[in-house]
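Enquirer: File target.txt follows (compact mmCIF, C-alpha atoms):
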```txt
# COMPACT_ATOMS: atom_id res chain seq x y z
CA MET A 1 15.80 20.99 18.34
CA THR A 2 15.86 18.30 21.01
CA THR A 3 17.36 14.91 20.16
CA PHE A 4 16.91 11.91 22.41
CA MET A 5 18.44 8.45 21.98
CA LEU A 6 16.83 5.22 23.15
CA SER A 7 18.74 1.94 22.96
CA ASP A 8 17.16 -1.51 23.13
CA THR A 9 13.73 0.06 23.52
CA THR A 10 10.07 -0.57 22.64
CA ALA A 11 7.36 1.29 20.72
CA GLY A 12 5.59 2.04 24.01
CA LYS A 13 8.67 3.70 25.49
CA ILE A 14 9.13 5.74 22.31
CA SER A 15 5.54 7.05 22.47
CA ALA A 16 5.95 7.91 26.15
CA GLN A 17 9.19 9.76 25.42
CA PHE A 18 7.52 11.82 22.67
CA THR A 19 4.78 12.85 25.13
CA HIS A 20 7.38 13.77 27.75
CA LEU A 21 9.41 15.84 25.26
CA ARG A 22 6.34 17.74 24.04
CA HIS A 23 5.35 18.68 27.58
CA GLN A 24 8.93 19.55 28.41
CA MET A 25 8.95 22.00 25.51
CA GLY A 26 5.59 23.44 26.53
CA ALA A 27 3.86 22.15 23.39
CA PRO A 28 1.56 19.28 24.38
CA ALA A 29 -0.70 19.76 21.35
CA ILE A 30 0.33 17.56 18.47
CA GLY A 31 -0.96 19.62 15.50
CA MET A 32 0.26 17.21 12.82
CA VAL A 33 -1.76 16.25 9.75
CA LEU A 34 -0.33 12.85 8.83
CA THR A 35 2.21 10.13 9.56
CA LEU A 36 4.93 9.69 6.95
CA VAL A 37 6.74 6.35 7.17
CA VAL A 38 10.04 6.24 5.28
CA VAL A 39 11.40 2.73 4.68
CA CYS A 40 15.01 2.83 3.53
CA GLU A 41 18.51 1.46 3.85
CA GLU A 42 21.10 3.06 6.10
CA ARG A 43 22.93 4.52 3.09
CA HIS A 44 19.81 6.39 1.99
CA GLN A 45 18.58 7.62 5.36
CA TYR A 46 20.31 11.04 5.43
CA ASP A 47 19.00 12.20 2.04
CA ALA A 48 15.59 10.61 2.58
CA LEU A 49 15.12 12.18 6.01
CA ARG A 50 16.24 15.56 4.72
CA ALA A 51 13.69 15.42 1.88
CA ALA A 52 10.94 14.24 4.22
CA THR A 53 11.69 17.00 6.74
CA GLU A 54 11.60 19.67 4.04
CA ALA A 55 8.32 18.30 2.68
CA ALA A 56 6.91 18.33 6.22
CA ARG A 57 7.25 22.12 6.34
CA GLU A 58 4.20 22.14 4.09
CA HIS A 59 2.62 19.09 5.71
CA PRO A 60 3.51 18.89 9.46
CA SER A 61 4.00 15.21 10.13
CA ARG A 62 5.29 12.53 12.42
CA ILE A 63 8.09 11.11 10.32
CA ILE A 64 9.01 7.51 11.10
CA VAL A 65 12.17 6.29 9.39
CA VAL A 66 12.49 2.49 9.36
CA ILE A 67 15.96 1.02 8.79
CA ASN A 68 16.42 -2.74 8.87
CA ARG A 69 19.90 -3.69 10.04
CA GLU A 70 21.64 -7.06 10.47
CA ILE A 71 19.17 -9.92 10.74
CA GLU A 72 21.88 -12.16 12.26
CA GLU A 73 22.14 -10.04 15.41
CA ALA A 74 20.08 -10.37 18.58
CA ILE A 75 16.62 -8.77 18.54
CA ARG A 76 16.95 -5.07 19.36
CA LEU A 77 15.23 -1.78 18.60
CA ASP A 78 17.19 1.48 18.75
CA ALA A 79 15.48 4.84 18.28
CA GLU A 80 16.53 8.44 17.72
CA LEU A 81 13.84 11.03 18.51
CA ARG A 82 13.90 14.62 17.26
CA ILE A 83 11.48 17.37 18.16
CA GLY A 84 11.81 21.13 18.17
CA GLU A 85 11.45 24.37 16.24
CA SER A 86 13.69 23.27 13.37
CA THR A 87 11.65 20.07 12.94
CA PRO A 88 8.12 20.61 11.51
CA GLY A 89 6.51 17.90 13.62
CA GLU A 90 8.26 14.89 15.10
CA VAL A 91 10.92 12.55 13.79
CA VAL A 92 11.84 9.09 14.98
CA VAL A 93 14.55 7.03 13.31
CA LEU A 94 14.13 3.32 14.06
CA ARG A 95 16.90 0.78 13.60
CA LEU A 96 15.72 -2.81 13.79
CA TYR A 97 17.99 -5.79 14.42
CA GLY A 98 17.53 -9.55 14.31
CA GLU A 99 14.15 -11.15 13.71
CA LEU A 100 12.52 -7.80 14.42
CA THR A 101 13.41 -6.81 10.85
CA GLN A 102 10.79 -9.33 9.70
CA HIS A 103 8.08 -7.67 11.80
CA ALA A 104 8.67 -3.94 11.26
CA ASP A 105 4.91 -3.30 10.98
CA SER A 106 4.43 -4.37 14.61
CA VAL A 107 6.91 -1.68 15.65
CA VAL A 108 5.51 1.03 13.38
CA SER A 109 1.81 0.47 14.04
CA PRO A 110 1.75 1.74 17.68
CA LEU A 111 3.63 4.90 16.60
CA LEU A 112 1.11 6.02 13.97
CA LEU A 113 -0.78 9.18 14.86
CA PRO A 114 -4.41 8.38 15.65
CA ASP A 115 -7.16 9.50 13.24
CA THR A 116 -4.75 10.86 10.63
CA PRO A 117 -3.72 9.56 7.20
CA VAL A 118 -0.67 7.35 6.82
CA VAL A 119 1.71 7.63 3.85
CA VAL A 120 4.59 5.21 3.22
CA TRP A 121 7.54 6.23 1.05
CA TRP A 122 10.27 3.91 -0.22
CA PRO A 123 13.06 6.17 -1.60
CA GLY A 124 15.07 3.16 -2.82
CA ALA A 125 14.20 -0.54 -2.99
CA ALA A 126 10.48 -1.19 -2.63
CA PRO A 127 8.22 -4.24 -2.57
CA ASP A 128 6.91 -5.52 -5.90
CA VAL A 129 3.34 -4.95 -4.72
CA PRO A 130 3.45 -2.12 -2.14
CA SER A 131 -0.19 -2.54 -1.11
CA LYS A 132 0.51 -6.13 0.03
CA ASP A 133 3.60 -5.20 2.02
CA ALA A 134 3.09 -5.34 5.80
CA ILE A 135 3.95 -1.65 6.27
CA GLY A 136 2.36 -0.61 2.97
CA ALA A 137 -0.93 -2.14 4.10
CA LEU A 138 -1.04 0.41 6.95
CA ALA A 139 -1.17 3.35 4.52
CA GLN A 140 -3.71 5.20 2.39
CA ARG A 141 -0.92 6.33 0.04
CA ARG A 142 2.19 4.41 -1.01
CA ILE A 143 5.01 6.28 -2.77
CA THR A 144 7.84 4.54 -4.58
CA ASP A 145 10.66 5.99 -6.67
CA ALA A 146 11.65 3.96 -9.71
CA LYS A 147 14.54 6.30 -10.36
CA GLY A 148 16.07 5.29 -7.05
CA PHE A 149 16.65 1.71 -8.16
CA ASP A 150 20.03 0.33 -9.20
CA ASP A 151 18.58 -1.31 -12.35
CA GLY A 152 17.80 2.02 -13.99
CA GLY A 153 14.21 2.13 -12.81
CA VAL A 154 12.09 1.10 -15.82
CA LYS A 155 11.95 -2.60 -14.92
CA SER A 156 11.00 -1.70 -11.36
CA LEU A 157 8.25 0.58 -12.63
CA VAL A 158 6.91 -2.22 -14.85
CA ILE A 159 6.71 -4.61 -11.90
CA ARG A 160 4.87 -2.10 -9.71
CA ALA A 161 2.61 -1.02 -12.57
CA LYS A 162 1.41 -4.62 -12.98
CA GLY A 163 0.73 -4.84 -9.24
CA TYR A 164 -0.91 -1.41 -9.03
CA ALA A 165 -3.50 -0.76 -6.32
CA LYS A 166 -5.45 2.42 -5.59
CA GLY A 167 -3.28 4.72 -3.49
CA ASP A 168 -0.03 3.74 -5.22
CA THR A 169 2.11 6.35 -6.94
CA ASP A 170 5.72 6.88 -7.99
CA LEU A 171 7.93 9.95 -7.99
CA ALA A 172 8.57 9.24 -11.68
CA TRP A 173 5.01 10.56 -12.12
CA ALA A 174 5.56 13.65 -9.97
CA ARG A 175 8.62 14.51 -12.08
CA LEU A 176 6.26 14.77 -15.06
CA THR A 177 3.94 17.40 -13.57
CA PRO A 178 5.69 20.40 -15.23
CA TRP A 179 5.81 18.53 -18.55
CA ARG A 180 2.16 17.55 -18.36
CA SER A 181 1.09 21.09 -17.41
CA LEU A 182 3.07 22.60 -20.27
CA LEU A 183 1.79 20.10 -22.83
CA ALA A 184 -1.80 20.58 -21.69
CA ALA A 185 -1.41 24.37 -21.99
CA ALA A 186 0.01 23.95 -25.50
CA PHE A 187 -3.40 22.62 -26.59
CA ASP A 188 -5.29 25.67 -25.28
CA GLN A 189 -5.21 26.90 -28.89
CA PRO A 190 -6.24 24.46 -31.66
CA VAL A 191 -3.26 22.72 -33.26
CA GLY A 192 -5.04 19.88 -35.05
CA LYS A 193 -5.37 16.20 -34.33
CA VAL A 194 -2.27 14.42 -33.09
CA ARG A 195 -1.28 11.59 -35.43
CA LYS A 196 1.77 10.24 -33.62
CA GLY A 197 4.70 11.39 -31.51
CA THR A 198 7.88 10.66 -29.60
CA VAL A 199 9.21 11.22 -26.10
CA ALA A 200 13.00 11.50 -25.91
CA GLY A 201 14.99 10.82 -22.76
CA VAL A 202 18.16 9.27 -21.50
CA ALA A 203 18.06 5.48 -21.80
CA GLY A 204 16.33 3.80 -18.86
CA HIS A 205 14.70 6.95 -17.47
CA PRO A 206 11.39 5.68 -16.03
CA SER A 207 9.51 8.94 -16.57
CA ALA A 208 9.91 8.74 -20.37
CA PRO A 209 7.71 5.67 -21.02
CA LEU A 210 5.27 6.88 -18.36
CA LEU A 211 4.89 10.23 -20.16
CA ALA A 212 4.46 8.40 -23.46
CA ALA A 213 1.73 6.23 -21.92
CA TRP A 214 -0.08 9.30 -20.54
CA LEU A 215 0.06 11.06 -23.90
CA SER A 216 -1.18 7.96 -25.73
CA GLU A 217 -4.03 7.60 -23.24
CA ARG A 218 -5.10 11.23 -23.50
CA LEU A 219 -4.53 11.82 -27.22
CA GLY A 220 -5.48 8.43 -28.65
CA ALA A 221 -2.32 8.38 -30.75
CA PRO A 222 0.79 6.16 -30.79
CA ILE A 223 3.64 7.74 -28.84
CA LYS A 224 7.07 6.10 -28.95
CA VAL A 225 10.04 6.47 -26.60
CA VAL A 226 13.43 7.23 -28.14
CA ASP A 227 16.81 7.51 -26.45
CA SER A 228 18.64 10.82 -26.23
CA GLY A 229 21.85 12.04 -24.67
CA GLY A 230 19.91 13.31 -21.66
CA PRO A 231 20.10 14.27 -18.93
CA GLY A 232 16.63 13.08 -18.03
CA LEU A 233 13.78 13.93 -20.38
CA THR A 234 14.83 16.10 -23.29
CA SER A 235 11.89 16.53 -25.69
CA VAL A 236 8.36 15.69 -26.77
CA ARG A 237 7.47 15.84 -30.48
CA LEU A 238 3.88 15.49 -31.64
CA GLN A 239 2.86 15.31 -35.30
CA VAL A 240 -0.26 17.49 -35.57
CA GLY A 241 -2.55 18.65 -38.38
CA ASP A 242 -0.15 20.81 -40.37
CA GLY A 243 3.19 20.49 -38.64
CA GLU A 244 4.85 19.53 -35.38
CA LEU A 245 4.30 20.58 -31.78
CA VAL A 246 7.61 20.38 -29.92
CA VAL A 247 8.71 20.88 -26.34
CA GLU A 248 12.48 20.68 -26.13
CA ARG A 249 14.35 21.21 -22.88
CA THR A 250 17.43 23.34 -23.44
CA ASP A 251 18.85 23.25 -19.89
CA ALA A 252 17.84 22.38 -16.31
CA ARG A 253 15.47 25.37 -16.12
CA LEU A 254 14.13 26.27 -19.56
CA ALA A 255 12.50 24.62 -22.57
CA THR A 256 11.48 25.81 -26.01
CA LEU A 257 7.85 25.43 -27.12
CA SER A 258 7.25 25.30 -30.86
CA ARG A 259 3.78 25.22 -32.46
CA PRO A 260 2.78 25.36 -36.14
CA GLY A 261 2.29 28.90 -37.39
CA GLN A 262 3.54 30.53 -34.17
CA PRO A 263 6.95 31.84 -33.07
CA ASP A 264 9.02 29.71 -30.70
CA ARG A 265 9.00 30.79 -27.09
CA ASN A 266 10.99 29.91 -23.99
CA VAL A 267 9.06 28.43 -21.10
CA ALA A 268 10.01 27.45 -17.55
CA LEU A 269 10.62 23.71 -17.15
CA ALA A 270 12.91 23.33 -14.15
CA ARG A 271 13.98 20.08 -12.57
CA ARG A 272 12.78 19.78 -9.00
CA HIS A 273 14.29 18.45 -5.79
CA THR A 274 13.01 15.25 -4.20
CA SER A 275 11.48 17.24 -1.33
CA GLU A 276 9.31 19.18 -3.81
CA LEU A 277 8.18 15.96 -5.49
CA LEU A 278 7.33 14.42 -2.13
CA ALA A 279 5.45 17.53 -0.98
CA GLU A 280 3.38 17.40 -4.17
CA GLU A 281 2.41 13.78 -3.54
CA LEU A 282 1.45 14.57 0.05
CA ARG A 283 -1.05 17.20 -1.13
CA ARG A 284 -3.46 14.51 -2.18
CA LEU A 285 -4.27 11.52 -0.04
CA ASP A 286 -6.87 9.95 -2.32
CA SER A 287 -6.18 7.79 -5.35
CA ASP A 288 -4.82 9.55 -8.45
CA GLU A 289 -7.09 8.38 -11.28
CA ILE A 290 -5.02 10.00 -14.03
CA TYR A 291 -1.89 8.23 -12.82
CA GLU A 292 -3.85 4.99 -12.58
CA ALA A 293 -4.93 5.23 -16.23
CA ALA A 294 -1.41 6.11 -17.38
CA VAL A 295 0.38 3.43 -15.38
CA LYS A 296 -2.07 0.71 -16.43
CA ARG A 297 -1.57 1.63 -20.07
CA PHE A 298 2.18 1.59 -19.48
CA ALA A 299 1.92 -1.91 -17.96
CA ARG A 300 -0.08 -3.14 -20.98
CA THR A 301 2.05 -1.62 -23.72
CA TYR A 302 5.65 -1.49 -22.45
CA LYS A 303 8.03 -3.74 -24.35
CA GLY A 304 11.49 -3.79 -22.81
```
Here is the file; what I need is its structure written in the form of structure tokens.
Expert:
Amino acid sequence: MTTFMLSDTTAGKISAQFTHLRHQMGAPAIGMVLTLVVVCEERHQYDALRAATEAAREHPSRIIVVINREIEEAIRLDAELRIGESTPGEVVVLRLYGELTQHADSVVSPLLLPDTPVVVWWPGAAPDVPSKDAIGALAQRRITDAKGFDDGGVKSLVIRAKGYAKGDTDLAWARLTPWRSLLAAAFDQPVGKVRKGTVAGVAGHPSAPLLAAWLSERLGAPIKVVDSGGPGLTSVRLQVGDGELVVERTDARLATLSRPGQPDRNVALARRHTSELLAEELRRLDSDEIYEAAVKRFARTYKG
């Protein structure tokens, strides 16, 4: 991998340096399918960049990491460029100083790959309405992560749910994919009408009320959220025709599925790394209508 540092630079010089490095390596063809913009704080950049790079192995990308530094300093743009065999695409880490921090979109815009989708990911703090953010407005997909917030995540998810726009999503939703798949499969055989249910999770876990909203939307039954000892989501209990359908996670990899009149069985329900969640969200670049229905119901019904 080749790393190149540019101090007090411009977006034009960064683009020219990328072209030079590709030709120097004998690989002038770009061959990338999207631009992934990661907006984060300095303290989050290592983990965020690692997750983005791993996700890019499935989706070769130009990864642009935007880090706003001290606004009191003189205007300056520093860049770190990475390209090579160990990097699936191209990476540029931008550090903005001074008033430039207020105009990050003007720096990012010239670096977007032409004629390819743009995805913005905020691994930590994110705007209340991502679609109206200057950088968010450049993207077809906008990914937040309520779990990455210091306030526990649920309040942040409520704010973004009320300001939802097509193309928005949250990794709290991607964390539910194994749960949703398992619960949907549990209804392959008739179990009766669902009357009510509960979702149990550690207090403040944003995925719990989101799962409850999805179940309520799909089943037409009241689903409550109850606190558990965690970690994360621990169980779903649904009162059905002649008993209870239960999914209870026993450890970080397995859960027990119980259905009326059938023996319990162990099923895979592993927790996933952030890179896997991000890769899942990058597989679709259109609006997720199922998430939209769930998050809008969540915004209407959540009482915190």
Enquirer: Which polymer residues have any atom within 12 Å of an atom of A:Arg284, counting all atoms listed in the file, with same-chain residues fewer than 5 positions away left out, as a PyMOL selection string?
Expert: chain A and resi 34+59+117-119+140-143+167-169+174+278-279+289
Enquirer: Kindly provide, as a PDB file with C-alpha atoms, keeping the file's coordinate frame, the polymer residues lying within 6 Å of (7.9, 20.7, 11.8), counting all atoms listed in the file and using the coordinates exactly as they appear in the file.
Expert:
```pdb
ATOM      1  CA  ARG A  57       7.250  22.120   6.340  1.00  0.00           C
ATOM      2  CA  PRO A  60       3.510  18.890   9.460  1.00  0.00           C
ATOM      3  CA  THR A  87      11.650  20.070  12.940  1.00  0.00           C
ATOM      4  CA  PRO A  88       8.120  20.610  11.510  1.00  0.00           C
ATOM      5  CA  GLY A  89       6.510  17.900  13.620  1.00  0.00           C
TER       6      GLY A  89
END
```
Enquirer: Using all atoms listed in the file, which of the listed residues (A:Trp214, A:His205, A:Leu182, A:Glu90) sits closest to A:Leu254?
Expert: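 Among the listed residues, the smallest separation from A:Leu254 belongs to A:Leu182.
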Enquirer: Given the choices A:Leu96, A:Leu269, A:Leu138, A:Val108, which gets closest to A:Ile64 if the distance is worked out from all atoms listed in the file?
Expert: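 Ranked by minimum distance to A:Ile64, first place goes to A:Val108.
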Enquirer: Hey, which of A:Asp227, A:Asp145, A:Glu42, A:Asp78 ends up closest to A:Gly204? Count all atoms listed in the file.
Expert: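 Between A:Asp227, A:Asp145, A:Glu42, A:Asp78, the residue approaching A:Gly204 most closely is A:Asp227.
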Enquirer: So, counting only C-alpha atoms, which residue among A:Thr177, A:Ser216, A:Ser235, A:Asn266 is closest to A:Arg195?
Expert: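 Selected residue with least distance to A:Arg195: A:Ser216.
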Enquirer: I want to know what sits within 9 Å of A:Leu113, based on only C-alpha atoms, with residues of the same chain fewer than 6 positions away left out; could you give that as a tab-separated table (two decimals) with C-alpha atoms, keeping the file's coordinate frame?
Expert:
```
chain	number	residue	atom	x	y	z
A	32	MET	CA	0.26	17.21	12.82
A	33	VAL	CA	-1.76	16.25	9.75
A	34	LEU	CA	-0.33	12.85	8.83
A	35	THR	CA	2.21	10.13	9.56
A	62	ARG	CA	5.29	12.53	12.42
```
Enquirer: By how many Å are atom CA of A:Arg22 and atom CA of A:Ile83 apart?
Expert: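 Pair atom CA of A:Arg22 / atom CA of A:Ile83 returns 7.8 Å.
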